Amino acid sequence: MRDFFKYAFASAIGTIVGLFTLMALVGIGAIGLIGVLVASSADEAKKSAEITEKSMLVFDLSTDIVDAVPYSGASIVFEETFSGQSYSAVSLYSALQAIEAAAEDDDIAGIYLTGNTNEGFATLREVRTALSQFKETSGKPVLAYTTGWNERDYYLTSVADTVYLNPVGLLEMNGFRAEIQFLAGALKKYGVGVQVLRAGRYKSAVEPFIRETSSPEEKQQTEAILSDLWQDFLTTVSSDRNLTAQQLQQLADTGGLLMADDAKAAGLVDQVSFFDEVLTELQTLTDTDPEEIIDDENPFPAISLSAYSDIAAGQVRGLFEDDTIAVVYAAGEIIMGDSTSPGIVTSEGLAKTLRQLRHDDDIQAVVLRVNSPGGSALASEIIAREVKLLVAEKPVIVSMGDYAASGGYMIAAPGTEIFASPNTITGSIGVYGLVMNFKEIANRNGVTWDVLKTAKFADIDTISRPQSDEELKLQQGFVNDLYQRFVALVADAREVTPARVNQVAQGRVWSGLDATQADLVDQMGGLEDAIAAAASAAEVEDWQVKEYPQPVSLEEQIIESLFGIGVVTRLPWAKDPISQEVLKLREELQILQTMDDPNGMYMRLPFTTEIE
């Protein structure tokens, strides 16, 4: 009965929000929606992309850097015919390979960064490192220009040799914040009862449903995460801008919203320029004569990162067929099921992929790229078991992305070695469950129940009343057992005592940097570091990389991007404030539909916390 109500409730919410979404799309971008075309596929990109001598590699920061294979090639691009706006995505590995290839490509004159990003800091750190290496190895310039940046953008663009800001632009440098949304007051107001089962005093995912403010434990761990992320920001940015971390902190404390001239005076930007002035520099770098420009939309030789990544991938694909390092992506909510669609991790879908790799003699080692906040407890343990079996056959190096927490950490723990970024959010070893009842709101509206049963606990999953103390005790025992299994799994995998794991568990969230001190992570490093470690562990010198799971068809992804909960929030017609809020609400509420653990138990980060 509880599952019936859960899905009925989620379906009803999805329908309502879907109507709002449709209204937003119809009102704002119906013509654009009809005009959505597939602008390129992998093969078409290779045919149509032309690299002329002295081209700039243009990295539009709105390009989605994903922990997945976008489709059968390295990148995907959608264009909205009438507005000229576009959505593009490229896998992280392909983006890193493209930047590395550009350093040795005589036809690439430099890299031009523009636009704004939505990526997590761990992902941005990997791309930033690649850009820094590009500068060092090639001696080619990196330029960055915008009309406005926040800290997330500037974390990446500050690596540029020359940073330009529009004269009327704004640079935000006012620190990070975490906003936590609490629902307890609303649930109480409308007569929805909530009872909590959890193991781990830091397991704060339940707090929005039962509290109106954060607990001391939640504040402690969130403040620690914010501090670590902010210190990494200060250290990283200051190193490339010839400033001290203290100077950046001072800017943040004194307002942190800098107009262009103030940003230049502070040493955060190099030039205050309109685009035409930046264009003059780009044309100089590419030996372009402004008088000979015929196409105003292409005023200098350029190729996008997404298009170039396809070309770079084609240059290295299939060179060493017998020695393969598999990169397996586990990105998104962990749920029960067998889908291999991007944005979710399913129990049987990922388990099947891991089994196939275990029996494939051409696969010498596996890199498991985890970018997940967790999810279903049962699904997480099913996947963790397959990782353990794979480790018994060949090296499995774990690379943690922006998140590898709770169930995401469970599937990572059995790995041979674990790499994380300093700003990876990990740990959260704990379990929780929510028991909701609708007695008050139902009775208030004339709905009542009459229960007949043949055993004392036959209606333990009812939503018609609160759980009794005896029922809660019974279910709490199940939660405690899951928690102990989680602790034992980590202790065995990490070769430490259960007591040591319990010290750093309790549902607490750690930064990647602190996780090394907590014995949860082995080394700091990104995806390419993990790949190199996998090759070393497998004792292979020449290898190719293959990415898994194999993607769904391009047509299926187009449908998902138009009507699903992932890509649609980034497409051009969703860029006005009203559409963004409606689609954000839709995405958050549809998390309910991923809560499909048959036992109602979850290993997940709080999903109402935003760090900005």
# chains A, B, ... in the order shown; residues from 1 in each chain; ligands from 1
$ residues_around --residues "A:Gly401" --least-positions-apart "2" --cutoff "8 Å" --atoms "only C-alpha atoms" --output "CSV table (one decimal) with C-alpha atoms, in the first residue's frame"
chain,number,residue,atom,x,y,z
A,122,ALA,CA,35.8,18.4,-9.0
A,123,THR,CA,35.0,18.3,-12.7
A,369,ARG,CA,34.2,6.7,-12.5
A,370,VAL,CA,31.7,7.4,-9.7
A,371,ASN,CA,29.7,10.6,-9.7
A,399,SER,CA,37.9,7.8,-9.8
A,403,TYR,CA,30.1,13.2,-5.6
A,404,ALA,CA,30.8,9.7,-4.5
A,420,ALA,CA,39.4,11.7,-5.5
A,421,SER,CA,39.6,15.4,-6.1
A,424,THR,CA,34.9,15.7,-4.2
A,526,GLY,CA,41.6,12.9,-11.6
$ select_by_dssp --residues "stretch 270-357 of chain A" --states "strand (DSSP E or B)" --output "list in words"
Gln271, Val272, Ala302, Ile303, Ser304, Thr324, Ile325, Ala326, Val327, Val328, Tyr329, Ala330, Ala331, Glu333, Ile334, Ile335, Ile344, Val345 and Thr346 of chain A
$ residues_around --residues "A:Ile111" --least-positions-apart "6" --cutoff "10 Å" --atoms "only C-alpha atoms" --output "list in words"
Ser55, Met56, Leu57, Val58, Phe59, Ile99, Ala102, Ala103, Leu131, Phe134, Lys135, Lys140, Pro141, Val142, Leu143, Ala144, Ala160, Leu282, Ala302, Ile303, Ser304 and Leu305 of chain A
$ closest_residue --among "A:Asp492, A:Glu440, A:Glu212, A:Asp161" --to "A:Gly191" --atoms "only C-alpha atoms"
A:Glu440
$ closest_residue --among "A:Tyr190, A:Phe457, A:Tyr409, A:Tyr145" --to "A:Gly427" --atoms "only C-alpha atoms"
A:Tyr409
$ closest_atom_pairs --of "stretch 328-383 of chain A" --to "stretch 200-205 of chain A" --cutoff "12 Å" --atoms "only C-alpha atoms" --output "JSON lines"
{"residue": "A:Pro373", "atom": "CA", "partner": "A:Ala205", "partner_atom": "CA", "distance": 11.0}
{"residue": "A:Gly374", "atom": "CA", "partner": "A:Ala205", "partner_atom": "CA", "distance": 11.3}
{"residue": "A:Gly375", "atom": "CA", "partner": "A:Ala205", "partner_atom": "CA", "distance": 11.0}
$ write_last_selection --atoms "all heavy atoms" --output "compact mmCIF listing (two decimals), in the first residue's frame"
# COMPACT_ATOMS: atom_id res chain seq x y z
N PRO A 373 25.38 10.65 -5.77
CA PRO A 373 25.08 10.93 -4.37
C PRO A 373 24.51 9.73 -3.64
O PRO A 373 24.20 9.81 -2.46
CB PRO A 373 24.02 12.04 -4.47
CG PRO A 373 23.28 11.71 -5.73
CD PRO A 373 24.31 11.16 -6.67
N GLY A 374 24.33 8.59 -4.36
CA GLY A 374 23.79 7.40 -3.75
C GLY A 374 22.33 7.19 -4.13
O GLY A 374 21.85 7.70 -5.14
N GLY A 375 21.63 6.43 -3.31
CA GLY A 375 20.23 6.12 -3.60
C GLY A 375 19.79 4.86 -2.88
O GLY A 375 19.98 4.74 -1.66
$ atom_distance --atom1 "atom CA of A:Met410" --atom2 "atom CA of A:Phe176"
28.2 Å
$ closest_residue --among "A:Ser88, A:Ser511, A:Gln364, A:Thr52" --to "A:Ile65" --atoms "only C-alpha atoms"
A:Ser88
$ closest_atom_pairs --of "stretch 200-296 of chain A" --to "stretch 496-510 of chain A" --cutoff "12 Å" --atoms "only C-alpha atoms" --output "CSV"
residue,atom,partner,partner_atom,distance
A:Gly200,CA,A:Gln506,CA,3.5
A:Arg201,CA,A:Gln506,CA,5.4
A:Tyr202,CA,A:Gly507,CA,4.6
A:Lys203,CA,A:Gly507,CA,4.2
A:Ser204,CA,A:Gly507,CA,7.5
A:Ala205,CA,A:Gly507,CA,9.2
A:Val206,CA,A:Gly507,CA,11.2
A:Glu217,CA,A:Arg508,CA,8.5
A:Glu218,CA,A:Arg508,CA,8.4
A:Lys219,CA,A:Arg508,CA,11.1
A:Gln220,CA,A:Arg508,CA,9.5
A:Gln221,CA,A:Val509,CA,6.2
A:Thr222,CA,A:Val509,CA,7.9
A:Glu223,CA,A:Trp510,CA,10.6
A:Ala224,CA,A:Trp510,CA,7.9
A:Ile225,CA,A:Trp510,CA,6.6
A:Leu226,CA,A:Trp510,CA,10.4
A:Ser227,CA,A:Trp510,CA,11.2
A:Asp228,CA,A:Trp510,CA,9.3
A:Leu229,CA,A:Trp510,CA,10.8
$ residues_around --residues "A:Glu417" --least-positions-apart "2" --cutoff "8 Å" --atoms "only C-alpha atoms" --output "list in words"
Val396, Ile397, Val398, Gly415, Phe419, Val521 and Asp522 of chain A
$ residues_around --residues "stretch 266-274 of chain A" --least-positions-apart "3" --cutoff "6 Å" --atoms "only C-alpha atoms" --output "NGL selection string"
:A and (162-167 or 263 or 277)
$ write_last_selection --atoms "N, CA, C and O atoms" --output "PDB file, in the first residue's frame"
ATOM      1  N   THR A 162      45.356  35.483 -20.415  1.00  0.00           N
ATOM      2  CA  THR A 162      44.737  36.802 -20.440  1.00  0.00           C
ATOM      3  C   THR A 162      43.251  36.662 -20.154  1.00  0.00           C
ATOM      4  O   THR A 162      42.547  35.936 -20.853  1.00  0.00           O
ATOM      5  N   VAL A 163      42.800  37.345 -19.112  1.00  0.00           N
ATOM      6  CA  VAL A 163      41.392  37.320 -18.730  1.00  0.00           C
ATOM      7  C   VAL A 163      40.782  38.673 -19.074  1.00  0.00           C
ATOM      8  O   VAL A 163      41.245  39.715 -18.583  1.00  0.00           O
ATOM      9  N   TYR A 164      39.764  38.642 -19.929  1.00  0.00           N
ATOM     10  CA  TYR A 164      39.072  39.863 -20.356  1.00  0.00           C
ATOM     11  C   TYR A 164      37.697  39.921 -19.694  1.00  0.00           C
ATOM     12  O   TYR A 164      37.014  38.904 -19.560  1.00  0.00           O
ATOM     13  N   LEU A 165      37.270  41.128 -19.315  1.00  0.00           N
ATOM     14  CA  LEU A 165      35.923  41.321 -18.786  1.00  0.00           C
ATOM     15  C   LEU A 165      35.305  42.531 -19.480  1.00  0.00           C
ATOM     16  O   LEU A 165      35.954  43.569 -19.654  1.00  0.00           O
ATOM     17  N   ASN A 166      34.053  42.373 -19.886  1.00  0.00           N
ATOM     18  CA  ASN A 166      33.333  43.464 -20.531  1.00  0.00           C
ATOM     19  C   ASN A 166      33.288  44.681 -19.602  1.00  0.00           C
ATOM     20  O   ASN A 166      33.144  44.530 -18.392  1.00  0.00           O
ATOM     21  N   PRO A 167      33.412  45.888 -20.145  1.00  0.00           N
ATOM     22  CA  PRO A 167      33.427  47.093 -19.298  1.00  0.00           C
ATOM     23  C   PRO A 167      32.214  47.235 -18.382  1.00  0.00           C
ATOM     24  O   PRO A 167      32.316  47.871 -17.324  1.00  0.00           O
ATOM     25  N   ALA A 263      37.677  44.964 -10.775  1.00  0.00           N
ATOM     26  CA  ALA A 263      38.240  43.618 -10.916  1.00  0.00           C
ATOM     27  C   ALA A 263      39.644  43.684 -11.496  1.00  0.00           C
ATOM     28  O   ALA A 263      40.531  42.925 -11.092  1.00  0.00           O
ATOM     29  N   GLU A 277      37.142  44.287 -29.282  1.00  0.00           N
ATOM     30  CA  GLU A 277      38.556  44.435 -28.939  1.00  0.00           C
ATOM     31  C   GLU A 277      39.200  43.067 -28.688  1.00  0.00           C
ATOM     32  O   GLU A 277      40.357  42.844 -29.056  1.00  0.00           O
TER      33      GLU A 277
END
